[in-house]
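Student: Have a peek at structure-v6.csv (CSV, C-alpha atoms).
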```csv
chain,number,residue,atom,x,y,z
A,1028,MET,CA,-7.7,-10.3,37.1
A,1029,ASP,CA,-9.2,-10.6,33.6
A,1030,HIS,CA,-8.4,-13.4,31.2
A,1031,SER,CA,-6.1,-11.2,29.0
A,1032,ASN,CA,-3.9,-10.3,32.0
A,1033,GLN,CA,-3.7,-13.9,33.2
A,1034,THR,CA,-2.7,-15.0,29.7
A,1035,LYS,CA,0.1,-12.4,29.6
A,1036,ILE,CA,1.4,-13.6,33.0
A,1037,ASP,CA,1.2,-17.2,31.8
A,1038,ILE,CA,3.2,-16.4,28.7
A,1039,GLN,CA,5.7,-14.4,30.7
A,1040,ASN,CA,6.2,-17.2,33.1
A,1041,ALA,CA,6.6,-19.8,30.3
A,1042,LEU,CA,9.2,-17.7,28.6
A,1043,ALA,CA,11.0,-17.1,31.9
A,1044,GLU,CA,11.0,-20.9,32.5
A,1045,PHE,CA,12.5,-21.5,29.1
A,1046,ILE,CA,15.2,-18.8,29.6
A,1047,LYS,CA,16.0,-20.3,33.0
A,1048,LEU,CA,16.5,-23.7,31.5
A,1049,LYS,CA,18.9,-22.3,28.9
A,1050,THR,CA,21.0,-19.9,31.0
A,1051,THR,CA,22.5,-19.4,34.4
A,1052,LYS,CA,20.4,-16.3,35.1
A,1053,SER,CA,18.6,-16.1,38.4
A,1054,THR,CA,14.8,-16.5,38.6
A,1055,ASP,CA,14.3,-12.7,39.2
A,1056,GLU,CA,16.6,-11.9,36.2
A,1057,VAL,CA,14.7,-14.2,33.8
A,1058,LEU,CA,11.3,-12.9,35.0
A,1059,ASP,CA,12.4,-9.3,34.4
A,1060,LEU,CA,13.9,-10.2,31.1
A,1061,SER,CA,10.8,-12.1,29.9
A,1062,LYS,CA,8.5,-9.2,31.0
A,1063,LYS,CA,10.7,-6.6,29.2
A,1064,PHE,CA,10.9,-8.7,26.0
A,1065,LEU,CA,7.1,-9.3,25.9
A,1066,THR,CA,6.4,-5.6,26.6
A,1067,GLN,CA,8.6,-4.5,23.7
A,1068,LEU,CA,7.2,-7.2,21.4
A,1069,ASP,CA,3.7,-6.1,22.3
A,1070,GLU,CA,4.6,-2.4,21.6
A,1071,LYS,CA,6.2,-3.3,18.3
A,1072,LEU,CA,3.2,-5.3,17.1
A,1073,SER,CA,0.5,-3.0,18.3
A,1074,SER,CA,-0.7,-0.9,15.4
A,1075,LYS,CA,-1.2,2.6,16.5
A,1076,THR,CA,-2.4,4.1,13.3
A,1077,SER,CA,-3.7,3.3,9.8
A,1078,THR,CA,-2.5,4.1,6.3
A,1079,VAL,CA,-5.6,6.2,5.9
A,1080,GLU,CA,-4.6,8.4,8.9
A,1081,ILE,CA,-1.0,8.6,7.6
A,1082,PHE,CA,-2.1,10.0,4.2
A,1083,LYS,CA,-4.9,12.1,5.6
A,1084,HIS,CA,-3.6,15.4,4.4
A,1085,LEU,CA,-2.6,15.2,0.8
A,1086,GLN,CA,-1.6,18.1,-1.4
A,1087,GLU,CA,-2.7,18.7,-5.0
A,1088,VAL,CA,0.5,19.7,-6.9
A,1089,GLU,CA,1.6,20.1,-10.4
A,1090,HIS,CA,4.9,18.2,-10.4
A,1091,SER,CA,5.7,16.1,-13.5
A,1092,GLN,CA,9.1,14.7,-12.5
A,1093,PRO,CA,10.1,11.8,-10.2
A,1094,ILE,CA,10.7,12.3,-6.5
A,1095,TYR,CA,13.3,10.1,-4.7
A,1096,LEU,CA,13.4,9.3,-1.0
A,1097,ASN,CA,16.5,7.5,0.2
A,1098,GLY,CA,17.4,5.7,3.4
A,1099,ILE,CA,14.2,5.4,5.4
A,1100,ASN,CA,15.2,3.3,8.3
A,1101,PHE,CA,13.1,0.4,9.6
A,1102,VAL,CA,13.1,-2.6,11.9
A,1103,SER,CA,10.6,-5.4,11.5
A,1104,LEU,CA,10.1,-8.9,12.7
A,1105,CYS,CA,10.4,-12.0,10.5
A,1106,GLU,CA,7.2,-14.0,10.4
A,1107,HIS,CA,9.2,-17.2,9.9
A,1108,HIS,CA,11.6,-16.8,12.9
A,1109,LEU,CA,10.3,-14.0,15.1
A,1110,LEU,CA,13.7,-12.4,14.8
A,1111,PRO,CA,14.4,-8.8,13.7
A,1112,PHE,CA,15.4,-7.7,10.2
A,1113,PHE,CA,16.4,-4.1,9.7
A,1114,GLY,CA,17.6,-1.8,7.0
A,1115,THR,CA,16.5,1.0,4.7
A,1116,VAL,CA,13.8,1.7,2.2
A,1117,ASP,CA,14.3,3.8,-0.9
A,1118,ILE,CA,11.2,5.1,-2.8
A,1119,ALA,CA,10.8,6.6,-6.3
A,1120,LEU,CA,7.5,8.2,-6.9
A,1121,TYR,CA,6.3,9.7,-10.2
A,1122,PRO,CA,3.5,11.9,-9.0
A,1123,GLN,CA,0.3,12.6,-11.0
A,1124,LYS,CA,-1.5,15.2,-8.9
A,1125,LYS,CA,-1.2,14.2,-5.2
A,1126,ILE,CA,1.9,14.3,-3.1
A,1127,ALA,CA,2.4,13.8,0.6
A,1128,GLY,CA,4.9,15.3,3.1
A,1129,ILE,CA,8.2,13.5,3.4
A,1130,SER,CA,7.5,12.4,7.0
A,1131,ARG,CA,4.4,10.6,5.8
A,1132,PHE,CA,6.6,8.1,3.9
A,1133,ASP,CA,8.7,7.5,7.1
A,1134,ASP,CA,5.4,7.0,9.0
A,1135,LEU,CA,4.2,4.5,6.4
A,1136,VAL,CA,7.4,2.5,6.4
A,1137,ARG,CA,7.3,2.4,10.2
A,1138,HIS,CA,3.6,1.5,10.3
A,1139,LEU,CA,4.0,-1.4,7.8
A,1140,SER,CA,7.2,-2.7,9.4
A,1141,ASP,CA,5.6,-2.9,12.9
A,1142,ASN,CA,4.3,-6.3,12.0
A,1143,LEU,CA,5.3,-9.9,11.5
A,1144,THR,CA,6.3,-10.0,7.9
A,1145,ILE,CA,8.9,-10.9,5.3
A,1146,GLN,CA,11.0,-8.4,3.4
A,1147,GLU,CA,9.4,-9.2,0.0
A,1148,THR,CA,5.9,-8.6,1.4
A,1149,LEU,CA,7.0,-5.4,3.2
A,1150,THR,CA,8.5,-4.0,0.0
A,1151,LYS,CA,5.3,-4.8,-2.0
A,1152,LYS,CA,3.0,-3.4,0.6
A,1153,ILE,CA,4.9,-0.1,0.8
A,1154,ALA,CA,4.6,0.3,-3.0
A,1155,ASN,CA,1.0,-0.7,-3.2
A,1156,GLU,CA,-0.1,1.6,-0.3
A,1157,ILE,CA,1.6,4.6,-2.0
A,1158,ASP,CA,0.2,3.6,-5.3
A,1159,SER,CA,-3.4,3.2,-4.1
A,1160,THR,CA,-3.4,6.3,-1.9
A,1161,LEU,CA,-1.6,8.9,-4.1
A,1162,ASN,CA,-2.5,7.4,-7.5
A,1163,PRO,CA,0.8,8.4,-9.0
A,1164,ARG,CA,2.1,7.4,-12.5
A,1165,GLY,CA,4.2,4.9,-10.7
A,1166,VAL,CA,6.1,3.8,-7.6
A,1167,PHE,CA,9.4,1.9,-7.3
A,1168,VAL,CA,10.5,0.7,-3.9
A,1169,ARG,CA,13.8,-0.9,-3.0
A,1170,THR,CA,14.4,-2.4,0.4
A,1171,ASN,CA,17.9,-3.3,1.7
A,1172,ALA,CA,18.0,-5.3,4.9
A,1173,LYS,CA,20.0,-7.5,7.1
A,1174,HIS,CA,18.3,-10.4,8.7
A,1175,SER,CA,19.0,-11.5,12.3
A,1176,CYS,CA,17.7,-15.0,11.5
A,1177,SER,CA,20.5,-15.6,9.0
A,1178,GLY,CA,23.2,-14.2,11.2
A,1179,PHE,CA,21.8,-15.8,14.4
A,1180,LEU,CA,20.9,-19.3,13.0
A,1181,ASN,CA,23.9,-19.8,10.6
A,1182,SER,CA,27.2,-21.0,11.9
A,1183,GLY,CA,29.1,-18.3,9.9
A,1184,ASP,CA,27.1,-15.5,11.5
A,1185,SER,CA,26.3,-14.2,8.1
A,1186,PHE,CA,24.5,-10.8,7.9
A,1187,THR,CA,24.3,-10.6,4.1
A,1188,ASP,CA,22.4,-7.7,2.6
A,1189,VAL,CA,19.1,-8.8,1.1
A,1190,ILE,CA,17.7,-6.4,-1.6
A,1191,THR,CA,14.1,-6.6,-2.8
A,1192,THR,CA,12.3,-4.3,-5.2
A,1193,PHE,CA,8.7,-3.8,-6.3
A,1194,ALA,CA,7.4,-1.5,-9.0
A,1195,THR,CA,3.9,-0.2,-10.0
A,1196,GLY,CA,2.7,1.8,-13.0
A,1197,ILE,CA,5.2,3.4,-15.3
A,1198,TYR,CA,8.1,1.9,-13.3
A,1199,GLU,CA,6.9,-1.6,-14.2
A,1200,ILE,CA,7.3,-1.0,-18.0
A,1201,ASP,CA,9.9,1.8,-18.3
A,1202,HIS,CA,13.3,0.4,-17.5
A,1203,THR,CA,15.0,3.7,-18.2
A,1204,LEU,CA,13.0,5.3,-15.3
A,1205,ARG,CA,13.7,2.3,-13.1
A,1206,ASN,CA,17.4,2.6,-13.8
A,1207,GLU,CA,17.3,6.4,-13.1
A,1208,ALA,CA,15.7,5.5,-9.8
A,1209,LEU,CA,18.4,3.0,-9.0
A,1210,LEU,CA,21.1,5.6,-9.8
A,1211,ASN,CA,19.4,8.1,-7.4
A,1212,PHE,CA,19.1,5.6,-4.6
A,1213,LYS,CA,22.3,5.8,-2.6
```
Would you put the structure from the file into structure tokens?
Tutor:
Amino acid sequence: MDHSNQTKIDIQNALAEFIKLKTTKSTDEVLDLSKKFLTQLDEKLSSKTSTVEIFKHLQEVEHSQPIYLNGINFVSLCEHHLLPFFGTVDIALYPQKKIAGISRFDDLVRHLSDNLTIQETLTKKIANEIDSTLNPRGVFVRTNAKHSCSGFLNSGDSFTDVITTFATGIYEIDHTLRNEALLNFK
């Protein structure tokens, strides 16, 4: 057995031991649970692609008006608590010459959210990746999420919506365009 497999088994056993101390589950149940949890965590955090691959096929297009994408779903893991936060991403893009297929934006959000992060960083990374790859006139991203850490750790079980925004280019300076984007975000 190689060192990597032994490390995984050690982590699984330690997690199972912790769960066993905190619950009334049987040893077999906690071993199964810890194995399942660690497998899912490993899958979530294993990057399967890169942003270069996501935006591999771009189209040169003459389009001089904003494009709005609403409600791209995501689930990520909080880098402070290792608990999920989840919600939607809205994107306003003011293209210059390059555009990407709509599914590419879904793929980008999924790719960047498959990491330990915080919502503010995720929002900024989405905008900056689109900006650097497509070189648009501007990008405006709004992320709306609920955080398990606040609901899980607070006595009131609060799942308050947290909204973050990040703008590049023309959206940083033109508040009329930014307001138009907000009106188009549902």
Student: Excluding same-chain residues fewer than 5 positions from Thr1192 (chain A), what lies within 8 Å of it counting only C-alpha atoms, as JSON, numbers by chain?
Tutor: {"A": [1147, 1150, 1151, 1167, 1168, 1169, 1170]}
Student: Pick the closest to Gly1114 (chain A) from A:Ala1154, A:Val1102, A:Leu1068, A:Leu1085: which is it, counting only C-alpha atoms?
Tutor: A:Val1102
Student: Tell me, as an NGL selection string, which residues lie within 10 Å of region 1197-1210 of chain A, counting all atoms listed in the file; anything in the same chain fewer than 2 positions away does not count.
Tutor: :A and (1093-1096 or 1117-1121 or 1163-1169 or 1193-1195 or 1212-1213)
Student: Identify, on the basis of all atoms listed in the file, every residue whose closest approach to Asn1171 (chain A) does not exceed 8 Å; exclude the query and any residue fewer than 4 positions from it along the same chain; express the result as a PDB file with C-alpha atoms, in the frame of the given file.
Tutor:
```pdb
ATOM      1  CA  GLY A1114      17.600  -1.800   7.000  1.00  0.00           C
ATOM      2  CA  THR A1115      16.500   1.000   4.700  1.00  0.00           C
ATOM      3  CA  VAL A1116      13.800   1.700   2.200  1.00  0.00           C
ATOM      4  CA  ASP A1188      22.400  -7.700   2.600  1.00  0.00           C
ATOM      5  CA  VAL A1189      19.100  -8.800   1.100  1.00  0.00           C
ATOM      6  CA  ILE A1190      17.700  -6.400  -1.600  1.00  0.00           C
ATOM      7  CA  THR A1191      14.100  -6.600  -2.800  1.00  0.00           C
TER       8      THR A1191
END
```
Student: Kindly indicate which residue among A:Ser1073, A:Thr1148, A:Thr1187, A:Gln1123 lies nearest to Asn1162 (chain A), using only C-alpha atoms for the distances.
Tutor: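 Checking each of A:Ser1073, A:Thr1148, A:Thr1187, A:Gln1123 against Asn1162 (chain A), counting only C-alpha atoms, the winner is A:Gln1123.
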Student: Looking at A:Ser1130, A:Thr1078, A:Ser1140, A:Asn1155, which one is nearest to Ala1172 (chain A), with distances taken over all atoms listed in the file?
Tutor: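 Nearest candidate to Ala1172 (chain A) out of A:Ser1130, A:Thr1078, A:Ser1140, A:Asn1155: A:Ser1140.
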